[in-house]
Structure formats: structure tokens, C-alpha cells
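Text of start25.pdb, listed as PDB, C-alpha atoms:
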ATOM      1  CA  MET A 814       0.000   0.000   0.000
ATOM      2  CA  GLY A 815       1.409   3.382  -1.012
ATOM      3  CA  TYR A 816       1.564   6.427   1.218
ATOM      4  CA  ILE A 817      -1.474   8.031  -0.432
ATOM      5  CA  GLU A 818      -3.629   4.980   0.204
ATOM      6  CA  THR A 819      -2.282   4.733   3.750
ATOM      7  CA  TYR A 820      -3.028   8.414   4.364
ATOM      8  CA  GLU A 821      -6.591   8.042   3.097
ATOM      9  CA  LYS A 822      -7.152   4.887   5.138
ATOM     10  CA  TYR A 823      -5.959   6.346   8.439
ATOM     11  CA  SER A 824      -7.450   9.806   8.014
ATOM     12  CA  ARG A 825     -10.874   8.194   7.580
ATOM     13  CA  ALA A 826     -10.323   5.673  10.378
ATOM     14  CA  ILE A 827      -9.140   8.258  12.908
ATOM     15  CA  VAL A 828     -12.056  10.608  12.258
ATOM     16  CA  GLU A 829     -14.490   7.689  12.625
ATOM     17  CA  GLU A 830     -12.838   6.626  15.884
ATOM     18  CA  HIS A 831     -13.240  10.072  17.402
ATOM     19  CA  GLU A 832     -16.845  10.350  16.289
ATOM     20  CA  LYS A 833     -17.592   7.131  18.173
ATOM     21  CA  VAL A 834     -15.761   8.285  21.315
ATOM     22  CA  PHE A 835     -17.644  11.599  21.304
ATOM     23  CA  ARG A 836     -20.987   9.793  21.110
ATOM     24  CA  MET A 837     -20.150   7.648  24.151
ATOM     25  CA  LEU A 838     -19.411  10.526  26.551
ATOM     26  CA  ASP A 839     -21.761  10.646  29.545
ATOM     27  CA  MET A 840     -23.536  14.024  29.486
ATOM     28  CA  GLY A 841     -24.162  13.887  33.230
ATOM     29  CA  GLN A 842     -20.450  13.489  33.904
ATOM     30  CA  LEU A 843     -19.700  16.300  31.466
ATOM     31  CA  LYS A 844     -22.108  18.679  33.238
ATOM     32  CA  GLU A 845     -20.707  17.766  36.649
ATOM     33  CA  PHE A 846     -17.171  18.394  35.404
ATOM     34  CA  MET A 847     -18.097  21.792  33.967
ATOM     35  CA  ASP A 848     -19.980  22.802  37.109
ATOM     36  CA  ALA A 849     -16.903  21.939  39.186
ATOM     37  CA  VAL A 850     -14.697  24.128  37.005
ATOM     38  CA  ILE A 851     -17.102  27.056  37.195
ATOM     39  CA  ALA A 852     -17.522  26.741  40.966
ATOM     40  CA  ALA A 853     -13.800  26.491  41.689
ATOM     41  CA  LYS A 854     -11.965  29.467  43.142
ATOM     42  CA  ARG A 855      -8.832  28.370  41.287
ATOM     43  CA  VAL A 856      -8.037  25.450  38.988
ATOM     44  CA  PHE A 857      -4.829  23.409  39.111
ATOM     45  CA  LEU A 858      -4.017  21.062  36.245
ATOM     46  CA  HIS A 859      -1.615  18.201  35.692
ATOM     47  CA  GLY A 860      -0.835  15.389  33.300
ATOM     48  CA  THR A 861       2.246  13.642  31.990
ATOM     49  CA  GLY A 862       3.512  12.871  28.513
ATOM     50  CA  ARG A 863       1.215  13.547  25.587
ATOM     51  CA  GLU A 864      -1.775  13.620  27.925
ATOM     52  CA  GLY A 865      -0.077  16.476  29.719
ATOM     53  CA  ILE A 866       0.336  18.413  26.477
ATOM     54  CA  SER A 867      -3.417  18.242  25.945
ATOM     55  CA  MET A 868      -4.078  19.282  29.542
ATOM     56  CA  ARG A 869      -1.645  22.183  29.415
ATOM     57  CA  SER A 870      -3.520  23.613  26.434
ATOM     58  CA  PHE A 871      -6.705  23.460  28.537
ATOM     59  CA  ALA A 872      -4.962  25.407  31.313
ATOM     60  CA  MET A 873      -4.259  28.149  28.761
ATOM     61  CA  ARG A 874      -7.875  28.256  27.635
ATOM     62  CA  LEU A 875      -9.128  28.423  31.239
ATOM     63  CA  ALA A 876      -6.908  31.468  31.711
ATOM     64  CA  HIS A 877      -8.471  32.968  28.577
ATOM     65  CA  LEU A 878     -11.859  32.389  30.208
ATOM     66  CA  GLY A 879     -10.676  34.449  33.165
ATOM     67  CA  LYS A 880     -10.393  31.480  35.507
ATOM     68  CA  PRO A 881      -7.246  31.485  37.689
ATOM     69  CA  ALA A 882      -5.471  28.404  36.319
ATOM     70  CA  PHE A 883      -2.125  26.935  37.344
ATOM     71  CA  TRP A 884      -0.018  24.230  35.732
ATOM     72  CA  LEU A 885       0.894  22.185  38.786
ATOM     73  CA  MET A 886       4.683  22.103  38.533
ATOM     74  CA  ASP A 887       5.313  25.660  37.371
ATOM     75  CA  ASP A 888       7.449  27.701  39.758
ATOM     76  CA  THR A 889       4.774  30.399  39.983
ATOM     77  CA  THR A 890       2.033  27.959  41.035
ATOM     78  CA  VAL A 891       0.499  28.916  44.369
ATOM     79  CA  GLY A 892      -0.742  26.654  47.160
ATOM     80  CA  MET A 893      -3.832  24.517  46.644
ATOM     81  CA  HIS A 894      -6.643  24.847  49.214
ATOM     82  CA  GLU A 895     -10.269  24.128  49.947
ATOM     83  CA  GLY A 896     -12.478  25.698  47.295
ATOM     84  CA  ASP A 897      -9.963  24.909  44.561
ATOM     85  CA  LEU A 898     -10.200  22.207  41.878
ATOM     86  CA  PHE A 899      -7.384  19.907  40.830
ATOM     87  CA  ILE A 900      -7.872  18.397  37.364
ATOM     88  CA  ILE A 901      -5.609  15.543  36.377
ATOM     89  CA  THR A 902      -5.634  13.352  33.315
ATOM     90  CA  ASP A 903      -4.625   9.792  34.115
ATOM     91  CA  GLY A 904      -5.605   7.489  31.279
ATOM     92  CA  ARG A 905      -5.122   4.326  33.344
ATOM     93  CA  GLY A 906      -6.583   5.840  36.504
ATOM     94  CA  ASP A 907      -3.520   4.890  38.576
ATOM     95  CA  VAL A 908      -0.253   5.885  36.870
ATOM     96  CA  GLY A 909       2.565   5.452  39.380
ATOM     97  CA  ILE A 910       4.041   8.939  38.972
ATOM     98  CA  HIS A 911       0.637  10.449  39.827
ATOM     99  CA  ARG A 912       0.066   8.613  43.100
ATOM    100  CA  ARG A 913       1.890  10.967  45.437
ATOM    101  CA  ILE A 914       0.562  14.051  43.629
ATOM    102  CA  VAL A 915      -3.064  12.962  43.938
ATOM    103  CA  LYS A 916      -2.663  11.959  47.590
ATOM    104  CA  GLN A 917      -1.065  15.314  48.410
ATOM    105  CA  ALA A 918      -3.816  17.169  46.552
ATOM    106  CA  ALA A 919      -6.456  15.316  48.570
ATOM    107  CA  LYS A 920      -4.866  16.576  51.803
ATOM    108  CA  THR A 921      -5.367  20.205  50.762
ATOM    109  CA  GLY A 922      -9.152  19.999  50.787
ATOM    110  CA  ALA A 923      -9.361  20.806  47.084
ATOM    111  CA  LYS A 924     -11.777  18.821  44.952
ATOM    112  CA  ILE A 925     -10.216  16.375  42.512
ATOM    113  CA  ALA A 926     -11.480  15.814  38.972
ATOM    114  CA  MET A 927      -9.940  12.967  37.022
ATOM    115  CA  ILE A 928     -10.196  12.470  33.289
ATOM    116  CA  THR A 929      -9.520   8.823  32.513
ATOM    117  CA  CYS A 930     -10.377   5.829  30.394
ATOM    118  CA  LEU A 931     -10.264   3.506  33.442
ATOM    119  CA  PRO A 932     -12.582   4.843  36.152
ATOM    120  CA  GLU A 933     -11.891   1.625  38.094
ATOM    121  CA  GLY A 934      -8.237   2.609  38.550
ATOM    122  CA  ASN A 935      -7.150   2.973  42.180
ATOM    123  CA  LEU A 936      -6.615   6.737  42.094
ATOM    124  CA  ALA A 937      -9.818   7.419  40.198
ATOM    125  CA  LYS A 938     -11.823   5.134  42.436
ATOM    126  CA  ASN A 939     -10.370   6.263  45.771
ATOM    127  CA  TYR A 940      -9.598   9.958  45.317
ATOM    128  CA  ALA A 941     -11.630  11.507  42.512
ATOM    129  CA  ASP A 942     -14.627  13.659  43.442
ATOM    130  CA  HIS A 943     -15.498  13.947  39.757
ATOM    131  CA  ILE A 944     -14.696  11.482  36.983
ATOM    132  CA  LEU A 945     -14.933  12.137  33.268
ATOM    133  CA  PHE A 946     -14.772   8.746  31.549
ATOM    134  CA  VAL A 947     -13.352   9.166  28.042
ATOM    135  CA  HIS A 948     -14.088   6.015  26.043
ATOM    136  CA  ALA A 949     -10.822   6.120  24.098
ATOM    137  CA  ALA A 950      -8.055   3.516  24.073
ATOM    138  CA  VAL A 951      -5.076   4.316  26.296
ATOM    139  CA  TYR A 952      -1.545   2.901  26.439
ATOM    140  CA  MET A 953      -1.539  -0.092  28.810
ATOM    141  CA  ALA A 954       1.900  -1.685  28.327
ATOM    142  CA  GLU A 955       2.952  -1.298  31.982
ATOM    143  CA  THR A 956      -0.062  -3.229  33.262
ATOM    144  CA  ALA A 957      -0.290  -5.870  30.553
ATOM    145  CA  ASP A 958       1.171  -8.602  32.779
ATOM    146  CA  ASP A 959      -0.631  -7.553  35.976
ATOM    147  CA  PRO A 960      -3.674  -9.795  36.490
ATOM    148  CA  ASP A 961      -5.054  -7.444  39.156
ATOM    149  CA  ALA A 962      -4.863  -4.290  37.050
ATOM    150  CA  PRO A 963      -8.190  -3.038  35.690
ATOM    151  CA  LYS A 964      -8.716  -3.700  32.003
ATOM    152  CA  GLN A 965     -10.067  -1.315  29.401
ATOM    153  CA  HIS A 966     -13.740  -1.755  28.653
ATOM    154  CA  ASP A 967     -16.310   0.191  26.663
ATOM    155  CA  VAL A 968     -13.587   1.902  24.665
ATOM    156  CA  VAL A 969     -13.486   2.412  20.929
ATOM    157  CA  PRO A 970     -11.055   0.046  19.173
ATOM    158  CA  THR A 971      -8.228   1.836  17.436
ATOM    159  CA  GLU A 972      -5.901   1.278  14.499
ATOM    160  CA  GLN A 973      -3.400   3.701  16.018
ATOM    161  CA  PRO A 974      -0.303   2.990  18.117
ATOM    162  CA  MET A 975      -0.028   3.188  21.898
ATOM    163  CA  GLY A 976      -2.123   5.972  23.470
ATOM    164  CA  ASN A 977      -2.723   8.045  20.348
ATOM    165  CA  GLN A 978      -6.492   7.830  20.411
ATOM    166  CA  TYR A 979      -6.924   8.912  24.043
ATOM    167  CA  GLU A 980      -4.338  11.685  23.783
ATOM    168  CA  GLN A 981      -5.846  13.096  20.589
ATOM    169  CA  HIS A 982      -9.368  12.878  21.909
ATOM    170  CA  LEU A 983      -8.437  14.597  25.150
ATOM    171  CA  TYR A 984      -7.217  17.640  23.204
ATOM    172  CA  LEU A 985     -10.369  17.817  21.103
ATOM    173  CA  LEU A 986     -12.706  17.210  24.039
ATOM    174  CA  LEU A 987     -11.113  19.901  26.201
ATOM    175  CA  ASP A 988     -11.393  22.400  23.353
ATOM    176  CA  ILE A 989     -15.108  21.656  23.101
ATOM    177  CA  ILE A 990     -15.474  21.916  26.887
ATOM    178  CA  THR A 991     -13.833  25.354  26.680
ATOM    179  CA  ILE A 992     -16.554  26.483  24.265
ATOM    180  CA  LEU A 993     -19.261  25.054  26.535
ATOM    181  CA  LEU A 994     -17.745  26.781  29.574
ATOM    182  CA  LYS A 995     -17.623  30.057  27.646
ATOM    183  CA  ASP A 996     -21.376  29.806  27.087
ATOM    184  CA  GLU A 997     -22.154  28.711  30.663
ATOM    185  CA  MET A 998     -20.101  31.608  32.047
ATOM    186  CA  GLY A 999     -21.868  34.133  29.804
ATOM    187  CA  LEU A1000     -18.692  35.041  27.946
ATOM    188  CA  THR A1001     -17.868  35.641  24.301
ATOM    189  CA  TYR A1002     -14.863  34.868  22.157
ATOM    190  CA  GLU A1003     -14.073  38.585  22.351
ATOM    191  CA  ASP A1004     -13.921  38.285  26.155
ATOM    192  CA  MET A1005     -11.462  35.429  25.783
ATOM    193  CA  GLU A1006      -9.328  37.413  23.359
ATOM    194  CA  LYS A1007      -8.999  40.206  25.945
ATOM    195  CA  ASN A1008      -7.235  37.692  28.209
ATOM    196  CA  HIS A1009      -4.851  36.499  25.515
ATOM    197  CA  ARG A1010      -1.171  37.337  26.033
ATOM    198  CA  ASN A1011      -0.504  40.688  24.423
ATOM    199  CA  ILE A1012       3.293  40.925  24.558
ATOM    200  CA  GLU A1013       4.115  38.669  21.621
TER
END

Please, can you express the file's structure as C-alpha cells?
Amino acid sequence: MGYIETYEKYSRAIVEEHEKVFRMLDMGQLKEFMDAVIAAKRVFLHGTGREGISMRSFAMRLAHLGKPAFWLMDDTTVGMHEGDLFIITDGRGDVGIHRRIVKQAAKTGAKIAMITCLPEGNLAKNYADHILFVHAAVYMAETADDPDAPKQHDVVPTEQPMGNQYEQHLYLLLDIITILLKDEMGLTYEDMEKNHRNIE
């Protein structure tokens, strides 16, 4: 198969995958997630790898919405407290590097919202106040040989490598959530533009 045929095959397949994942999102969970963002005094965000790239873009958009938003490990990030919201993306619901972070966040009194494709993961199950279950395939290599690790279910099969589908979908979903939040907060795109960095 030549590169043109391969391009056409995967461009169609990837769009179809994301359409299916979008249709499976629980609207009740989505509303609860948005309400938590709106109610929060400040929002702290974290994710690792390609998931983190998607989450960091959401932090930027929250700032454009006028919501005090902090990327967790930046040097200028302030302390997290009751009334705040910590949003973390953890595709497997219990990534080792996230365990201490989530446990520390829970001690602050802040609410925890977890975006994941495995809501049965230990961190999601034991610490999350709000869960947004994204029905996209995530990279599971580290748990493949662990019989006790939760397995993916109700996710859209993918022709893509590793965690591509989840990571891509996270970016798209958070962009749509930004638009929904804009409407819920009574803002306009012009309001968002006023908060855009103006020293470029």
C-alpha cells in the first residue's frame, strides 16, 4: 500500500474513531465536570507525557476564560486549598508517577477531577470527586502482565499505536469543553481574546 492509500485509510479511520468516542461521553459526567470548574476558586491542572500536552492547552484556555489556572509544577504555582479544583488526566486511573501528587492534593481539601479511560483505577476510584470517563483507548503496556490491574472496557477500538487515540481525543474534548464553559459563564470569544497574552 502506497503512502497516499495509507493516508486516506488512516485519516478516515481516525475521524471515525473520534466520532464514536464523542458519542459515548456521559452528558451527566460532562455537566458535573463543567460545574466543578465554574464553581472552583482556582483550577490546578496536571498530566504527563502527551496527555499532559493536551491538559496544558486546557490550562491556557481556562486562563483565557478568566479562571485562575495553574499548571501544577510551574514555579509560579500557588498553594492549593479548599475551594480549589485539581484536574488531572490519568488514562489508566492509577499511573505510578501520579500517586503521590493525587494523595497530596487530597490533603489540601481541594476537589479532585480525574479524566480517565479507566474509572476503576485505584486513584480514580479512591480519590476523585469527579470522573470524566473518556471512552478512548489508552496505552496499557505497563499493566499488561498484571492480572489485578483493571482492564479497558467500553472503549473504541483503534488502528493507532499506543495511546494516540486517548491523547488526541483529550485535546479535542477539552477544546469543546472550553466552548461550553464560555457559554455557561456568559462570555464571548471577544472576552477570551482580551485575556490572551498581548506581549508577543

Using only C-alpha atoms, which protein or nucleic acid residues come within 9 Å of Met953 in chain A? Drop anything in the same chain fewer than 4 positions from it, and give the result as a ChimeraX atom specification. /A:904-905,957,964-965,975-976

Which polymer residues, protein or nucleic acid, are no farther than 10 Å from (-11.1, 5.5, 33.3), counting only C-alpha atoms, as a ChimeraX atom specification? /A:902-907,927-934,936-938,944-951,963-968

Enter the distance from CA of Glu1013 in chain A to CA of Tyr984 in chain A, in Å, rounded to one decimal. 23.9 Å

Hey, what comes out of the PyMOL selection byres ((chain A and resi 844-859) around 6) on this file? Could you write it as number ranges by chain? A: 841-843, 860, 881-885, 896-901

Could you write out as a PyMOL selection string the residues that the PyMOL selection byres ((chain A and resi 973) around 10) matches in the shown file? chain A and resi 823+826-827+830+950+970-972+974-978

Any idea what the distance is between CA of Leu875 in chain A and CA of Asp839 in chain A? 21.9 Å

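From CA of Met1005 in chain A back to CA of Leu878 in chain A, the distance works out to 5.4 Å.
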
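Counting only C-alpha atoms and comparing A:Val969, A:Ile1012, A:Leu994, A:Ile925, the residue that lies closest to Ala876 in chain A is A:Leu994.
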
Residues matched by the PyMOL selection byres ((chain A and resi 922) around 8), written as a ChimeraX atom specification: /A:894-897,918-921,923-924

For the selection just defined, write its residues with C-alpha atoms to a file, as a CSV table (one decimal), in the frame of the given file.
chain,number,residue,atom,x,y,z
A,894,HIS,CA,-6.6,24.8,49.2
A,895,GLU,CA,-10.3,24.1,49.9
A,896,GLY,CA,-12.5,25.7,47.3
A,897,ASP,CA,-10.0,24.9,44.6
A,918,ALA,CA,-3.8,17.2,46.6
A,919,ALA,CA,-6.5,15.3,48.6
A,920,LYS,CA,-4.9,16.6,51.8
A,921,THR,CA,-5.4,20.2,50.8
A,923,ALA,CA,-9.4,20.8,47.1
A,924,LYS,CA,-11.8,18.8,45.0

Nearest candidate to Tyr1002 in chain A (options A:His877, A:Met814, A:Tyr820, A:Gly862; using only C-alpha atoms): A:His877

Expected axis-aligned box over every listed atom of range 904-916 of chain A, 5 Å added per side, centre plus edges in Å to one decimal, as JSON:
{"center_x": -1.3, "center_y": 9.2, "center_z": 39.4, "size_x": 20.6, "size_y": 19.7, "size_z": 26.3}

Generate all heavy atoms for range 814-825 of chain A and emit them as a CSV table (one decimal), in the frame of the given file.
chain,number,residue,atom,x,y,z
A,814,MET,N,0.8,-1.2,0.0
A,814,MET,CA,0.0,0.0,0.0
A,814,MET,C,0.9,1.2,0.0
A,814,MET,O,1.8,1.4,0.8
A,814,MET,CB,-0.9,0.0,1.2
A,814,MET,CG,-1.9,1.2,1.3
A,814,MET,SD,-2.9,1.2,2.8
A,814,MET,CE,-3.9,-0.3,2.6
A,815,GLY,N,0.6,2.2,-0.9
A,815,GLY,CA,1.4,3.4,-1.0
A,815,GLY,C,1.0,4.4,0.0
A,815,GLY,O,0.0,4.2,0.8
A,816,TYR,N,1.8,5.5,0.2
A,816,TYR,CA,1.6,6.4,1.2
A,816,TYR,C,0.2,7.2,1.0
A,816,TYR,O,-0.4,7.5,2.0
A,816,TYR,CB,2.7,7.4,1.3
A,816,TYR,CG,2.8,8.5,0.3
A,816,TYR,CD1,2.2,9.7,0.5
A,816,TYR,CD2,3.4,8.3,-0.9
A,816,TYR,CE1,2.2,10.7,-0.5
A,816,TYR,CE2,3.5,9.2,-1.9
A,816,TYR,CZ,2.9,10.4,-1.7
A,816,TYR,OH,2.9,11.4,-2.7
A,817,ILE,N,-0.2,7.3,-0.2
A,817,ILE,CA,-1.5,8.0,-0.4
A,817,ILE,C,-2.6,7.2,0.1
A,817,ILE,O,-3.5,7.6,0.8
A,817,ILE,CB,-1.7,8.4,-1.9
A,817,ILE,CG1,-0.6,9.4,-2.3
A,817,ILE,CG2,-3.1,8.9,-2.2
A,817,ILE,CD1,-0.6,9.7,-3.8
A,818,GLU,N,-2.6,5.9,-0.3
A,818,GLU,CA,-3.6,5.0,0.2
A,818,GLU,C,-3.6,4.9,1.7
A,818,GLU,O,-4.7,4.8,2.4
A,818,GLU,CB,-3.4,3.6,-0.4
A,818,GLU,CG,-3.7,3.5,-1.9
A,818,GLU,CD,-2.6,4.1,-2.8
A,818,GLU,OE1,-1.4,4.3,-2.2
A,818,GLU,OE2,-2.7,4.3,-4.0
A,819,THR,N,-2.4,4.8,2.3
A,819,THR,CA,-2.3,4.7,3.8
A,819,THR,C,-2.8,6.0,4.4
A,819,THR,O,-3.6,5.9,5.4
A,819,THR,CB,-0.8,4.5,4.2
A,819,THR,OG1,-0.3,3.3,3.5
A,819,THR,CG2,-0.7,4.4,5.7
A,820,TYR,N,-2.5,7.1,3.8
A,820,TYR,CA,-3.0,8.4,4.4
A,820,TYR,C,-4.6,8.4,4.3
A,820,TYR,O,-5.2,8.8,5.3
A,820,TYR,CB,-2.5,9.6,3.5
A,820,TYR,CG,-3.2,10.9,3.9
A,820,TYR,CD1,-2.8,11.6,5.0
A,820,TYR,CD2,-4.2,11.4,3.1
A,820,TYR,CE1,-3.4,12.8,5.3
A,820,TYR,CE2,-4.8,12.6,3.4
A,820,TYR,CZ,-4.4,13.3,4.5
A,820,TYR,OH,-5.1,14.5,4.8
A,821,GLU,N,-5.1,8.0,3.2
A,821,GLU,CA,-6.6,8.0,3.1
A,821,GLU,C,-7.2,7.1,4.1
A,821,GLU,O,-8.3,7.4,4.7
A,821,GLU,CB,-7.0,7.7,1.7
A,821,GLU,CG,-6.6,8.8,0.7
A,821,GLU,CD,-6.9,8.5,-0.8
A,821,GLU,OE1,-7.2,7.3,-1.0
A,821,GLU,OE2,-6.9,9.4,-1.6
A,822,LYS,N,-6.6,5.9,4.2
A,822,LYS,CA,-7.2,4.9,5.1
A,822,LYS,C,-7.2,5.4,6.6
A,822,LYS,O,-8.2,5.3,7.3
A,822,LYS,CB,-6.3,3.6,5.1
A,822,LYS,CG,-6.7,2.6,6.1
A,822,LYS,CD,-5.7,1.4,6.1
A,822,LYS,CE,-6.0,0.5,7.3
A,822,LYS,NZ,-5.0,-0.6,7.4
A,823,TYR,N,-6.0,6.0,7.0
A,823,TYR,CA,-6.0,6.3,8.4
A,823,TYR,C,-6.7,7.7,8.7
A,823,TYR,O,-7.2,7.9,9.8
A,823,TYR,CB,-4.5,6.4,8.9
A,823,TYR,CG,-4.0,5.0,9.2
A,823,TYR,CD1,-3.2,4.3,8.2
A,823,TYR,CD2,-4.3,4.4,10.4
A,823,TYR,CE1,-2.8,3.0,8.5
A,823,TYR,CE2,-3.8,3.1,10.6
A,823,TYR,CZ,-3.1,2.4,9.7
A,823,TYR,OH,-2.6,1.1,9.9
A,824,SER,N,-6.7,8.6,7.8
A,824,SER,CA,-7.4,9.8,8.0
A,824,SER,C,-8.9,9.5,8.2
A,824,SER,O,-9.6,10.1,9.1
A,824,SER,CB,-7.2,10.8,6.9
A,824,SER,OG,-7.7,10.3,5.6
A,825,ARG,N,-9.5,8.6,7.4
A,825,ARG,CA,-10.9,8.2,7.6
A,825,ARG,C,-11.1,7.4,8.9
A,825,ARG,O,-12.0,7.7,9.6
A,825,ARG,CB,-11.3,7.3,6.4
A,825,ARG,CG,-11.6,8.1,5.1
A,825,ARG,CD,-12.3,7.2,4.1
A,825,ARG,NE,-11.6,6.0,3.8
A,825,ARG,CZ,-10.7,5.9,2.8
A,825,ARG,NH1,-10.5,6.9,2.0
A,825,ARG,NH2,-10.1,4.7,2.5
